[in-house]
Each structure stands twice: as structure tokens, then as C-alpha cells.
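Q: Here it is, the structure in full.
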Amino acid sequence: MKSLAIILLASSSALAADPAGMAFFEQKIRPVLVEHCYSCHSGEAKKLKGNLYLDSKAGWEKGGDSGEPVIIPGKPEASLLIRTVQHLEEDMEMPPKKPKLPDAVIADLVTWVKMGAPDPRDGAKVEAKRGDKSWWSLQPLAKQFAHDSIDGFVTTKLAENKLTLNPPAEPRALIRRMTYDVTGLPPTVEEVEIFAKAHQANLGQAIEALVDRLLASPRYGERWGRHWLDVIRFGESNGFERNFVIDDLWPFRDYVIRSINDDKPFNQFITEHLAGDVIGKDNPQVEVGSAFLVAGPYDDVGNQDKVAQANIRAATLDDMITATSGAFLGLTINCARCHNHKFDPIPTEDYYRLRAAFEGITHGRRAIASKEEREAFTTATEPLNRKLKQLEAERDALDQGINARAKAHLAKTKPTRPKVDEFGTDEPFAPAEARYLRFVIHSFTTDYNGKVAPGARGGKLTEFQVWSADEPARNVALASNGTKAEGAKSATAEDFPEAYGPQYCIDGMTGEAWFIGQPAELTLTFAKPERINRITFTNARGERGTDESKVRGATPTEYEVQVSLDGETWQAVATDEGRAAWTPAHGIAKARRTSITEEEAARVAALNKQLAQTKAALNRVPKLPEVWAGTYAQPKEPTFVHKGGDPIKPGEAVVPASLTVLDQVTKPFALKPDADESQRRLALAKWMTSDDNPLTPRVLANRVWQHHFGTGIVDTPSDFGFLGSKPTHPELLDYLASRLVANGWKLKPLHREILLSQTYLQSAAFRPEAAQEDKDARLLWRFPPRRLSAEELRDTMLSAAGKLQLEPMGGPGFRLYKFTQNNVSTYFPLDTHGPETYRRAVYHQNARASVVDVLNDFDLPDIAFAAPKRANTTTPLQALTLLNHSFTLDMAQALATRIQTGDAVTQAYRFTFQRDPTAKEHEASTKLIATHGTESFCRALLNANELLYLE
Amino acid sequence: MNTPLNLTRRHFLGQMTTGLTGVALSRLFMHELTAAPPRQPHFAPKAKQVLQIFCPGAASHMDLWDHKPMLEKFHGTPMPGADKEVTFQGKNGNLMKSPWPFAPAGQSGKMISTMLPHMAKHVDEMAFIHSMTSRTNTHGPGCIYMNSCFTREGFPSAGAWVSYALGSTNENLPTYIAIQDVRGEPPNGKANWSNGFLSAQYQAVSMAAQQPLRNLARPASIKADDEQATRDFLKLINAEHAAAHPGNDELRARMAAYELAAKMQLTAPEVSDLAAEPTHVHELYGTGDSNKLKAAYAKNCLLARRFLEQGVRYVSLYCASRASAVDGLLNWDAHKTLKADYERHCPIFDQPTAALLTDMKQRGMLNDVLVVWCTEFGRMPTHQEGTSGRDHNPDAFTTWMMGAGVKGGVSYGETDDFGRRSVVDVATVYDFYATVLHLLGLNHEKLTYYHNGANRRLTDVHGHVLKNILA
């Protein structure tokens, strides 16, 4: 069913011209081809390999995936077919997995090519299973057009199919359609009424005024900015395993909305995306555009394996390459990562040329500030930093003296007991009655400052035993004996509350550890009073002798054991007194406490206080604004082709350059291999937006059309290649693209032209006879009705309920999930959406792989990839969410409150559908309200199809 | 557009992207009603449903399924030819034997870890694939690779592909369910059961014994008769609206979706009600075990059986979750203290999983249900320097299959003497899913979907059916 291009080759005259050559072919060449090649490279092949046919002259002339002829008549050394049978092409030795052909056979092939490759097998069909440089989208923009208006193109095409436009839409439908289309919001009922009146008075004027009003609204940028964010795979978490949320990428989202509201020329906009830092030095509003490059997902897990690191880096740059080529050029250059593109004339080198432009980029945040801001920051921080250094020097000098005395003191005191043992330290004491036991920790193996550091120091205990004084000694601390353990922990896992808790100390196993928090105290409550005389604390997991040095947390080294019968009066029964120091430094720290003089202690305290104050003052200086915009470094090495896409198999080097796929229409560029990093991106941006690049304006004009009519002229908006759709109206597409360029790459004039066309203004009325010809109205015999997008739906519900907050227009986004982080991130959808979420949905902080109610149900895409076209599904789960989520109930309640005064039913219809109810609707509504309350009624309206569908 | 429907349809979606007809048809199908109506496979299937059991964290092959006597023999000595290899977390030490002995099980005498005494009873029905390989050594990408054949997010999971290909057999329930562990989401979370670029109806609905389906229940604040009145009124106004807008199929589809939602509200809680099961079944699974984590997983096993029994097409059941501040605490990622970690994980996994298999077998469900067990990759035969755990090993791991269409008591492929690398009949995740699709009556090379410039397949451009494990 696929309409494959069939190329019928004209009959060749070779046969008549070269009888000797033909004889050679028949005797020496054809049998070889049949025997060794046809099983993979002919019409009879079970599975055609490399898209190459060798059963016709046209086949080898066309070539396979390389896109070049495999035989160059007269030049065997340049002919791929010869080189592969000579085994000169790595990984392409032919015939594959078989011994090399006999030398004599190869010699015949060479002779044949030298003869000019005479081949009688003409007239054969070659199915073009791929596009070449004659592909429609790679041609220059048309300059001459058969029509000078959109309607001319559309009506002509309709007429060819014996179709016509619908009559104009009625005013209410039109203003609803247009207001949603341009701003993503419903009109107010007043706006509808005013427009209806004006429409009656002067149709043309009313519509022009409406279009101008809507395009001037700041809501326009919010709506069309959202479209653009889909195209460029903008998401606010890094994806992959850790998927941490990114809190400082919103300035880029605001930049997009602002730029679109300002009608910034798109050639400039695109240049800012690729090189905003280069052209906007010291201009944050321009520089922030370059955050585009790092707005995609990337893997940030620390991987020690070198091969894995290279693969991760390749995947990181692949995201930028994919995003750039898809968004601006509508090309799937990413398909050429491992081999030449299978369907489009994009050699794998083009992929790596693009990589060369991005080679210096790393994900991360950087300060984006004006020159003035930077200078002010330095002025404010410099004196404080100087003071900090001076104070630290003073304190170090003081410390030296104290430490020297501490060392001397330590040398004189001899420990009476061995140091603590991570595999189990016994601490005996005189028998004592205890219902409670407390283990108070003063220092750890990693911490010798004499102070208990916050739990982040990593203190841990795997087991804590308390022994009965009677024989045989029992461990009375075991949870299985009814003992309870309490103690702060230094780590938590919100979705797994038991993690890291003190109960692991008394579970009788050394596997799991308590992460000791602050205060560093373990309190045990026994089931009944016990007579005890010893404790054992352990911080090892394996058996004695196993090396778990990298696993083990810090072990308590200084401590006190206290017991109590009532939980109020405590008695110390043991301490670490007399134990050898864990390290000399631990010893010194302890000795220091006895060696320090009062005066010195006071001075240390004073200095520490001053240090803390200075640090606080430094912290008070407002930081330079940081944005998740990436950082740049000059690449140290040239960029290589990765053979088979494998980063550890470097092939030939490429330079940052234009893509050869367009070299016949767009002026190419090539930089030096060591070209300045920033110049690479700038050169690429300039090439993409040059007036002789036909793809960029075509792709952009198509996107504009797509969002006005629901479907693009090309239905695969980021793929203008062979596997993409062909345009329904190719001339119209070129016309729109030319208009775009002629308008200085501004969108608003193009919007205006589209919105004022009869094609746009026609009604959505259904005509069965037209639908039979063109069910989805791709030819636009009617305006295609559509469902609201996820954002439009949520904004509409808020707006009907009178709850939509239009300010602040920007700033940090709101969240419909709870974000938790415990090594990796988890996003829990929220059951209630509070008033802080009553902003336009474009300001939601969309994290990857987070699924939130309403928005994701209605096809807000997960932004692992660009989503140039959204799905449009209808599912029972949507119904469940929209009926039962508390957001609907809250909005129903708010709407119910809003319609308290006056006629509730009429009001509600006006707020939700911008019209008055019919008599029948009014009656049914009134009855529902009377029997089941206003909220039942409002809940139904918010679920109604009329709310969700536009015509 | 006649039989088999799905082939024609897929042909359109996959191939026909040019010309009006193709686009029109693809749009038509995107608007298809319901979760996913039932469709015919490419050829007669051996299996109709899939139960996937996933142990995230990289469950160690040589400590569970893949017996390596040489590891015992050379315990504590450097691994020949690979001294101090640097893997995911850094340097490795000497070879380390499994902390527990292996013992022969079943008539096949399959050697299996003594930490899995209950699972050992099923070895004669299981087909082990010991020679699995991954393309990444990182959990998140590894999990989604094992689920979607791609290491980056954005591609449909196998369950989504199967839902897309075959649809549902019970429209009152979701087609594809992901049952999360009580300890949280697996690495990379929801991406593991994502629809990717397929439409949203093919993603898994996430639920578990501890977490009912979101937004399923009528809100507590709404009385039953108010609910009915709201629905009746909604039906009325939607009907009027649809009548005034002929030619828009979506309007009717959306009305039908509300009817289906109502049915789902009745059916799903019924199926999730474990109290309906007799005591001996609860005991078989261990739902009342004093180990809370085991009890929670046992309940999820029981839930899985109940959903499969009602015809849910694809159930993904997770045992353990994501990485935490302590390696191996919440999942099978035993970097540092393998013995302690697996003494915690194995008892949670063993009895309930074995019970689920026993129960399904007794009910005859294994005639239709293909059971597959996965993890994202394997572990090193050596211990990590300074620890008694094992680092990541993407070059070798074990998976197994059992049930509909699978030959029991076989072991496919082998790793080397120590389990460092797969060396005999090396298998890939592509092969694994080519086999799964084959058992479902689907040709993995023909199940395609056009997205951003390519006709995508679950198995990318690879994959061979593992014929040796087919019954």
C-alpha cells in the first residue's frame, strides 16, 4: 500500500555500443554476481542488505546505504564494490562471513570496472527505499507561487478533490476557537457577547480587532511558548537513574515565553538557543537562551568504568544533536550515529560534525549575570573573604600551641585498656538493675574534635548487646525479647520509614546498621527490669577479618553507659575511660580538652564566633543568579567518527562544519579542527538560520500551521525526511516559509495571515459527503475540531471556577507532585492541589518520569524526547481522574460558590461554556441542583464534553 | 482491513506515513476507544498473558541461580587475567565464593542456591537463561533496558508493546499493571512501565496491595446517589452535545470511556480484595508473615495472580525497589555486604514467589501465562575492594522463563568458570523479548511503530528467538 517511488529507467544503448564488454560481463561477471551477491542484493533476496541491489545496473548506480554509486566506471580503486571484495573496507568484507573470493575472480571484477563496467541489465525497476538529495524538503524554497493567499492554495487543492470550504463559523464558535488557539484560555462570556455584536456590525473589522487583541495578550506567549517547549524537549529534572529535580531552569522557560510575546525574530531566537552566551555576553536575557542545549535528560551517575563513561558522554551529546536537528531542521540526524542514515542522504560524518559543535558542553549550572551584577558581587565579597583568611590564620596559630601541650600530655598518660573494636567492644561494669539503658556517644572514629558531629559524619552501629548478670549471660537487648530501641537517625527514606533506624541495633543481626543521628544517643527500654553487667557494641557487618573498610561507618570511641529504673533518674555505669586512643589525633583531641587554659578557650571561642559571623555575612551577600545552562570548555581533542556508534572505536576525524545533506542549496562552512568552542556553535546557528537554508523556515512554518489547525502540512513535524509524511500542500508550505522569512522571521504576522484566512474562519460543520473524501479534513474542507490539551483543560477548569491566578507570570514553577530524594528521586503525585497550584499549567515544573494527575492523563508527554506532536487519547482513566480527583471537587465547589447570586444555572453555563443554557438544559440542571446540590451539578459541567472540545 | 486486523493496522501505522490515507488511518486508531480492545496476534500464540517478576538492584546470578564450583575452589585468589578490574564503583579484589552452598533440585538436578528452598521446587519447570548480557552497568538505564531494550528513557516498555499489539481481554480492568514493592519504585521509576512514544493508553497502571489504583474510588465526600445523579446528568448533556456534533467520533468515545470507568470502579476493587482468598492460600504465600516486607510482597504476589486470573494482559511485579543511601538496603544491589543483604532479600522473595507459581499451576493458569523473571544485570565474581560485596557486571546475568510455551528443566547458555562473562550461546535482552513476543504469537520484526524518523521495534534492530527453551 505504500506509495513507493518507482523509478523506471530508460533503456540504455550500452548493449549496441559495446558488444565485447557485454560478452565479458556475461561470461565473467554475471555468474559471479549471481553466485556470490544476489542472495543479499537482489529482488530475490530474502532480506535485502544495505539497501543495495546488484541485479541491475541502476542498482549499483544508485548505491545502498552509503548513498553513493558502488561502482565508479573506470575507477576500481574508488569503487566500493571492488574495495569490499578486496577486503579493504573494515567491517564490510564481502561476501560476508565467507572466504575472500579467488584472486582471479577479483581481477575479473577489476578489469570489468576498468572497462567502464558495461552492464546490459537495464530497464529494471529499482524501488527507491530511501531519499536522496533530490528529496522534496532538501530543495530550495520556491520563489514563485501560483497564489498570493493561503486560501488560494487551499481552495485549489479542495477543488481538485471536488471539495469546498465550509461557510464561515458563527461568532461564538469562532471567538472560542481563536481565543484558545492564540492564548490557550477560554474567552469570557462578555468577550463573546461583545464580539458577537461587533461581528454583526462589521464582520471584517471585528475579526481583525479580535486577532490583534489576542496576539497582543501576554497569554499568547504562555500558550505558544508551551508548544515550543514541547519541540525542544524542555524538562526540569535530569532523568535517568537519579532524576533529580532542576530548580533553576525556569528562567529559560520565562525567556521562551518572553521572546515569543515580544515576537523576537526566530533566526535570532534559534541563534540564542545555540550560542546565546556568545552573542549575549553580559546580557542575561539573551545568554539564558543557551540553556536549550542542556534542557534535555542526561545521565549523571558516577561511573568508574571508562567504557561506560565514554558511552554516557556520547549519549549526553546525542541528546543535544537529536534535539537540535529535530527542532530546527526537521531532520533525524541522530539516525546517522552508528551508520549512514538508512533513509535520508545523511552520512554518519554529518552526525559527528554536529557533535563537534557541541563537544565542549557539560551539563550544570552557571552564573548568568550582567557585568554590573558581577562587579557588585565582587565588591561585596572581597573584603569578607580577606577577613575570613586572616581569622583562620589567627586561630591556626593559637591551635598550634595548644596542640603541642596536648601532645606532651598524651605522651605521659598510658592507656589501661585496648582501643575500641569495630567488630565488637565489650564494656563491663558492676551489676546494676535497669529498666532503661542509655548509650551516650561523644566522639567517633572519624571525628576527634571532642564534639559530636552531626550525623552526617557517618556514625553507625550494626548491633548493640546488653548482657544479663546471671549465668549464662543473656542478651536482654534483643527486640525479640520485647526491648525497644530509640535514637535519632542521620538518614531517612520517605517511602521506606524503617530505613536506617535504631531498631537494626537490636535485631540480632549485624547486616543492617543504625545511622546515628543527633543527639547521638541510643536508648533501650527493656520489657522488664533486668540485672545487667556488660554491653557490647559492634559496627562491623561481616566476620572478623573481612575487610569492609569502605563500608563501615564511624564507630563510637568516646561514650558513657547510663542506666535507669524509672527513665528519669540516670546513673552512669561505664565510660571509655582508660581506653587507648583510636588514632593519635583522637588522643590529642581528648588531651587538648585537659591542656587548654581558660584564657585560650575563651580566645578560641571568640575567634570561632567571629569566623561564624564573617561566614554568615558572606552568605548574606546575594548570590549571582545561577541558571541550569551548562558550562563550556575548549575540547582537547578533535571529534572522531565513532565506528558503528561505538565511542571506543574512533574512525576518521571530522571538523565542526555544516551538514553535507544541504550542501547543494545552503552555503557550507567548515572550521578548523581546533576552532574555538563558542565559534563552533555560532557558526552552526548562522548556517541553520541563513536565508538559503530551506529547512529551518519550512519546519517552523509547518509548526505554526500545525498548532492552528491541529495537524501540520507535514504531519511529522520534526521529521521532513523519507520516513516522515509528505506535505499535503507543498506549495502552501513554501509560501508560508517564504512569508516567514520575508516578515523577518517574526511569527505574529504569519499568525495574523493564517487567522484571517477563510480557511481558518470557516465553520467546523460536518458534511458526510466531504468526510467520505477526506475524513480528517486534512484538505481543510472544514475547520478540524479538537480536544483541549492537558494544560488548556486544567487552565479552563481553574478559569471556570474563577480561581486562575495569572500572576506571577513566571518565576519558579509549582508542583503537582511531592519530590523526595534519597540517593535517587521519587515523585509522588499529590492527592490535593492547593491554591499555590492555581497558576497556568505552563508554569508547572515538569519533571521527567513523574506522572501527575490530570496533566499526564490528558497526554502531557513525558519529556524524555521532544514531543513535537502530542497524542490525543480517550481512556477510562481520564474519566476516573476528572470525576474523582480532589482538584475537580475543589473546582466544582469554587464554581458553586461563584454562582450563588443570580440564576445559578445560567451563570454556570456562562462560566463554563460561555453561553446561556437552553430551556431543556435549564430544567434538567435546576432539577439536579434541587435534589443533589449545586456541587453535583458543577462537577458534571466540569466533566462535560462541551468543556473539552472545540469546534 | 480484514483479518488479521492488527497486521493491517500495524502496517498502516508503521509503513504508511505518506499520503492521506495513512495519516487518516493512523489518526483513527489513535482515537480508538477504551484502554485497548483485544486484537489478534501474527500467528497462533502459546501464551496469552505475561507475568514479569523483576528483582531490581541486579540480583546476583552466582549467588542465586548460576552455580560456579570454580569460585569455591579459587575463593580468595585473584581472578586470572583480570586482576584489579575497574567496574562501576571502582576496583575489585579477589574472587569471592557465594556465602551459601548450592544444592541439586528436582528431577533435573539443577543446582540452585540453598537460600531459595521454595523456588528450588520449581526448577523442573523453569528454563534458565544463564548467558544474558546488558549494555550498561548502571541500574536506572539497566532497568529500562531490561524493560524496553533501550538504555535511555522514552521508549515503550515491553508491557506497553504487548498491550499495543494484543490489547486487553477484560475491558473492565487495565491492560497492563505494574505492581510496585512496598519499599518504593525501582530504579528509574515510572519509566520502567512507560508507554514511551506509544499513546498513553498503553502504559501500565501502577498499583499494589499497599496502594490502590489512583482516583478509582468515588471520593468519600460524595454520596452514592449524588454520584449517580451527576453521572446521569453528564450523560444527558453529553448526548445532546454529541447529537449536535455529528461526525466527531471522539465525543462518543469519551462517553463510552465514562461507562467503562464505572465498570472498572466495580471490578478493580473486587479483584484487589485479598480477603476473598481462603486462609490456606494466604498461608501458602505468607501474607501474614512477621517479616513485614515479606508479607507485603506476598500480598502483591497474590494480587498479581488475581489480576492475571481476570485476564489482565501483562503484570509486572517488583520485588525490591531503588538505590538508597546504603547499597543493597532496598534492593538487590549488594555492593558491600552481600551476605547480610541477601539474608534479608532472599526470604522476602523465595516463599511468596514460589507460592505464586504453585498457585497458578494448580489453577491451570500456566497454560496461558508466560512467567519471566528478570533483573537488570549481574554481579562480579570478585568482591569489591574493602568490602564483602560484589560490583555490577553487565557481561553476565541470569533470567528465567516458565509457563505457557516454555520447556521446563533446561538451562540455556553458560557463563565462564567464574561467572564473569557469558560465553556459551550469549543471549541479549533483544533475544529475550524476541522470545517473549514469539510465545505471544508476535513476530518481533513486524511489531513496529513510527516515531521521530524510524519504524521502532521493541527489539530495536536485533534479536533472535531462543528456540531451545520453547516447549
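FYI, nothing fancy with the C-alpha cells labels: chains A, B, ... in order, residues from 1 per chain, ligands from 1 as they appear.
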Return as a list in words the full set of residues in region 636-809 of chain A whose backbone-based DSSP assignment is strand (DSSP E).
A: Thr639, Phe640, Val641, His642, Pro650, Gly651, Glu652, Ala653, Val654, Arg786 and Arg787 of chain A
Q: Export, as a JSON list (two decimals), in the first residue's frame, the selected residues with N, CA and C atoms.
A:
[["chain", "number", "residue", "atom", "x", "y", "z"],
["A", 639, "THR", "N", 37.12, 15.84, 17.05],
["A", 639, "THR", "CA", 36.00, 14.90, 17.10],
["A", 639, "THR", "C", 36.21, 13.81, 16.06],
["A", 640, "PHE", "N", 35.98, 12.58, 16.49],
["A", 640, "PHE", "CA", 36.11, 11.44, 15.58],
["A", 640, "PHE", "C", 34.76, 10.83, 15.29],
["A", 641, "VAL", "N", 34.65, 10.26, 14.12],
["A", 641, "VAL", "CA", 33.50, 9.40, 13.84],
["A", 641, "VAL", "C", 33.63, 8.18, 14.76],
["A", 642, "HIS", "N", 32.54, 7.77, 15.36],
["A", 642, "HIS", "CA", 32.56, 6.53, 16.14],
["A", 642, "HIS", "C", 32.09, 5.41, 15.24],
["A", 650, "PRO", "N", 37.26, 4.84, 17.48],
["A", 650, "PRO", "CA", 37.33, 6.08, 16.71],
["A", 650, "PRO", "C", 37.65, 5.81, 15.24],
["A", 651, "GLY", "N", 36.95, 6.50, 14.38],
["A", 651, "GLY", "CA", 37.23, 6.43, 12.95],
["A", 651, "GLY", "C", 37.95, 7.70, 12.54],
["A", 652, "GLU", "N", 37.58, 8.22, 11.36],
["A", 652, "GLU", "CA", 38.29, 9.42, 10.89],
["A", 652, "GLU", "C", 37.82, 10.67, 11.65],
["A", 653, "ALA", "N", 38.69, 11.66, 11.70],
["A", 653, "ALA", "CA", 38.37, 12.90, 12.40],
["A", 653, "ALA", "C", 37.46, 13.76, 11.52],
["A", 654, "VAL", "N", 36.56, 14.51, 12.15],
["A", 654, "VAL", "CA", 35.76, 15.48, 11.41],
["A", 654, "VAL", "C", 35.96, 16.85, 12.05],
["A", 786, "ARG", "N", -11.23, 19.93, 17.77],
["A", 786, "ARG", "CA", -10.16, 19.31, 18.55],
["A", 786, "ARG", "C", -10.51, 19.29, 20.03],
["A", 787, "ARG", "N", -9.79, 18.40, 20.75],
["A", 787, "ARG", "CA", -9.92, 18.36, 22.20],
["A", 787, "ARG", "C", -8.92, 19.34, 22.81]]
Q: Hey, what's within 9 Å of region 108-116 of chain B if we count only C-alpha atoms and toss same-chain stuff fewer than 3 positions away? As a list in words, please?
A: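 Near region 108-116 of chain B, the qualifying residues are Met62, Asp63, Leu64, Trp65, Asp66, His67, Ser98, Trp100, Pro101, Phe102, Ala103, Pro104, Ala105, Met119, Ala120, Val123, Asp124, Tyr342, Glu343, Cys346, Pro347, Phe349, Asp350, Gln351, Gly409, Val410 and Ser411 of chain B.
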Q: Between CA of Pro76 (chain A) and CA of Lys49 (chain A), what is the spacing in Å?
A: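 The value is 22.0 Å.
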Q: For region 282-286 of chain B, find every residue with an atom within 7 Å (counting only C-alpha atoms), except residues of its own chain fewer than 5 positions away, and show them as a PDB file with C-alpha atoms, in the first residue's frame.
A:
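Below is the file selection11.pdb, written as the result:
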ATOM      1  CA  GLU B 277      -8.969 -15.677  49.486  1.00  0.00           C
ATOM      2  CA  ALA B 295       4.164 -10.121  53.949  1.00  0.00           C
ATOM      3  CA  ALA B 298       3.356 -11.894  49.366  1.00  0.00           C
ATOM      4  CA  GLN B 351       8.338 -18.328  49.520  1.00  0.00           C
ATOM      5  CA  PRO B 352       5.835 -15.837  48.071  1.00  0.00           C
ATOM      6  CA  ALA B 355       3.719 -19.874  46.122  1.00  0.00           C
ATOM      7  CA  LEU B 356       2.541 -17.739  43.233  1.00  0.00           C
TER       8      LEU B 356
END
Q: Using only C-alpha atoms, pick whichever of B:Arg390, B:His444, B:Arg252, B:Lys336 has the shortest atom-to-atom distance to His464 (chain B).
A: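 Smallest distance to His464 (chain B) is found for B:His444.
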Q: If you run DSSP over the backbone, which residues in region 173-323 of chain B end up alpha helix (DSSP H)? Put them as a PyMOL selection string.
A: chain B and resi 224-244+249-272+279-285+292-309
Q: Near region 665-681 of chain A, within 6 Å and counting only C-alpha atoms, which residues show up once chain neighbours fewer than 5 positions away are dropped, as number ranges by chain?
A: A: 274-275, 357, 634, 638, 655-658, 692-693
Q: Kindly export the residues of the current selection with C-alpha atoms, as a PDB file, in the first residue's frame.
A:
ATOM      1  CA  LEU A 274      22.737  27.578  20.306  1.00  0.00           C
ATOM      2  CA  ALA A 275      25.020  30.471  21.162  1.00  0.00           C
ATOM      3  CA  ALA A 357      29.889  21.820  17.584  1.00  0.00           C
ATOM      4  CA  GLN A 634      37.529  24.055  24.794  1.00  0.00           C
ATOM      5  CA  PRO A 638      39.324  16.646  17.592  1.00  0.00           C
ATOM      6  CA  VAL A 655      35.742  19.243  11.830  1.00  0.00           C
ATOM      7  CA  PRO A 656      32.918  21.441  13.066  1.00  0.00           C
ATOM      8  CA  ALA A 657      31.126  22.096   9.811  1.00  0.00           C
ATOM      9  CA  SER A 658      27.825  22.422   8.016  1.00  0.00           C
ATOM     10  CA  ASP A 692      19.331  29.950   1.819  1.00  0.00           C
ATOM     11  CA  ASN A 693      18.630  27.185   4.335  1.00  0.00           C
TER      12      ASN A 693
END
Q: Please determine, counting only C-alpha atoms, which residue among A:Thr546, A:Gln762, A:Glu382, A:Asp774 has the shortest atom-to-atom distance to Met96 (chain B).
A: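 Distance minimum relative to Met96 (chain B) lands on A:Thr546.
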Q: Excluding region 358-367 of chain B and residues on its chain fewer than 6 positions from it, collect all residues at most 8 Å away from it, counting only C-alpha atoms, and give them as a list in words.
A: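 So, after excluding close chain neighbours, the residues are Ala47, Arg305, Glu309, Gly403, Ala404 and Gly405 of chain B.
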Q: Take the residues from that selection and put them in a file with N, CA and C atoms, as a short mmCIF file (atom, residue, chain, number, x, y, z; two decimals), in the first residue's frame.
A:
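New file selection24.cif:
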data_model
loop_
_atom_site.label_atom_id
_atom_site.label_comp_id
_atom_site.auth_asym_id
_atom_site.auth_seq_id
_atom_site.Cartn_x
_atom_site.Cartn_y
_atom_site.Cartn_z
N ALA B 47 1.25 -18.40 24.46
CA ALA B 47 0.92 -17.71 25.72
C ALA B 47 0.01 -16.54 25.39
N ARG B 305 -1.72 -12.72 40.91
CA ARG B 305 -2.47 -13.89 40.45
C ARG B 305 -3.92 -13.51 40.18
N GLU B 309 -5.74 -13.80 36.61
CA GLU B 309 -6.91 -14.66 36.53
C GLU B 309 -8.06 -13.96 35.83
N GLY B 403 6.19 -21.54 32.30
CA GLY B 403 4.78 -21.42 31.97
C GLY B 403 4.52 -21.61 30.50
N ALA B 404 3.48 -20.93 30.00
CA ALA B 404 2.96 -21.19 28.67
C ALA B 404 4.03 -21.19 27.59
N GLY B 405 4.21 -22.32 26.94
CA GLY B 405 5.10 -22.42 25.80
C GLY B 405 6.56 -22.62 26.13
#
Q: Pick from A:Glu951, A:Glu372, A:Asp305, A:Asp344: nearest to chain B, with only C-alpha atoms counted?
A: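 Of A:Glu951, A:Glu372, A:Asp305, A:Asp344, the one nearest chain B, counting only C-alpha atoms, is A:Asp305.
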Q: To one decimal place, how far is CA of His707 (chain A) from CA of Arg910 (chain A) in Å?
A: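 One can read the CA of His707 (chain A) to CA of Arg910 (chain A) distance as 26.6 Å.
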Q: Between B:Ala44, B:Met264, B:Val315, B:Met146, which has the minimum distance to chain A (counting only C-alpha atoms)?
A: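 Of B:Ala44, B:Met264, B:Val315, B:Met146, the one nearest chain A is B:Met264, counting only C-alpha atoms.
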Q: List the spatial neighbours of Gly364 (chain A) as number ranges by chain - criterion: any atom at most 12 Å away, only C-alpha atoms, same-chain residues fewer than 2 positions off excluded.
A: A: 237-238, 246-249, 291, 293-300, 361-362, 366-367, 626-632
Q: Kindly save the residues from that selection, with C-alpha atoms included, as an mmCIF file, in the first residue's frame.
A:
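selection_26.cif, freshly written:
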data_model
loop_
_atom_site.group_PDB
_atom_site.id
_atom_site.type_symbol
_atom_site.label_atom_id
_atom_site.label_comp_id
_atom_site.auth_asym_id
_atom_site.auth_seq_id
_atom_site.Cartn_x
_atom_site.Cartn_y
_atom_site.Cartn_z
ATOM 1 C CA SER A 237 14.722 17.020 36.006
ATOM 2 C CA ASN A 238 17.722 15.198 34.638
ATOM 3 C CA ILE A 246 16.243 21.025 38.461
ATOM 4 C CA ASP A 247 15.149 24.183 40.233
ATOM 5 C CA ASP A 248 16.949 26.759 38.155
ATOM 6 C CA LEU A 249 15.903 26.077 34.604
ATOM 7 C CA ALA A 291 20.144 26.742 28.333
ATOM 8 C CA LEU A 293 21.473 22.868 24.982
ATOM 9 C CA VAL A 294 21.217 21.282 28.430
ATOM 10 C CA ALA A 295 17.442 21.220 28.846
ATOM 11 C CA GLY A 296 17.314 17.520 27.975
ATOM 12 C CA PRO A 297 17.869 14.397 30.060
ATOM 13 C CA TYR A 298 21.366 13.183 30.883
ATOM 14 C CA ASP A 299 22.987 10.514 32.988
ATOM 15 C CA ASP A 300 24.879 11.903 35.970
ATOM 16 C CA ILE A 361 29.375 21.454 26.593
ATOM 17 C CA THR A 362 28.795 19.961 30.022
ATOM 18 C CA ARG A 366 26.418 28.705 35.790
ATOM 19 C CA ALA A 367 26.010 32.276 36.921
ATOM 20 C CA GLU A 626 22.508 30.796 38.529
ATOM 21 C CA VAL A 627 20.774 29.019 35.712
ATOM 22 C CA TRP A 628 20.902 25.399 34.601
ATOM 23 C CA ALA A 629 22.544 26.492 31.397
ATOM 24 C CA GLY A 630 25.596 24.253 31.197
ATOM 25 C CA THR A 631 29.257 25.097 31.135
ATOM 26 C CA TYR A 632 31.708 25.223 28.260
#
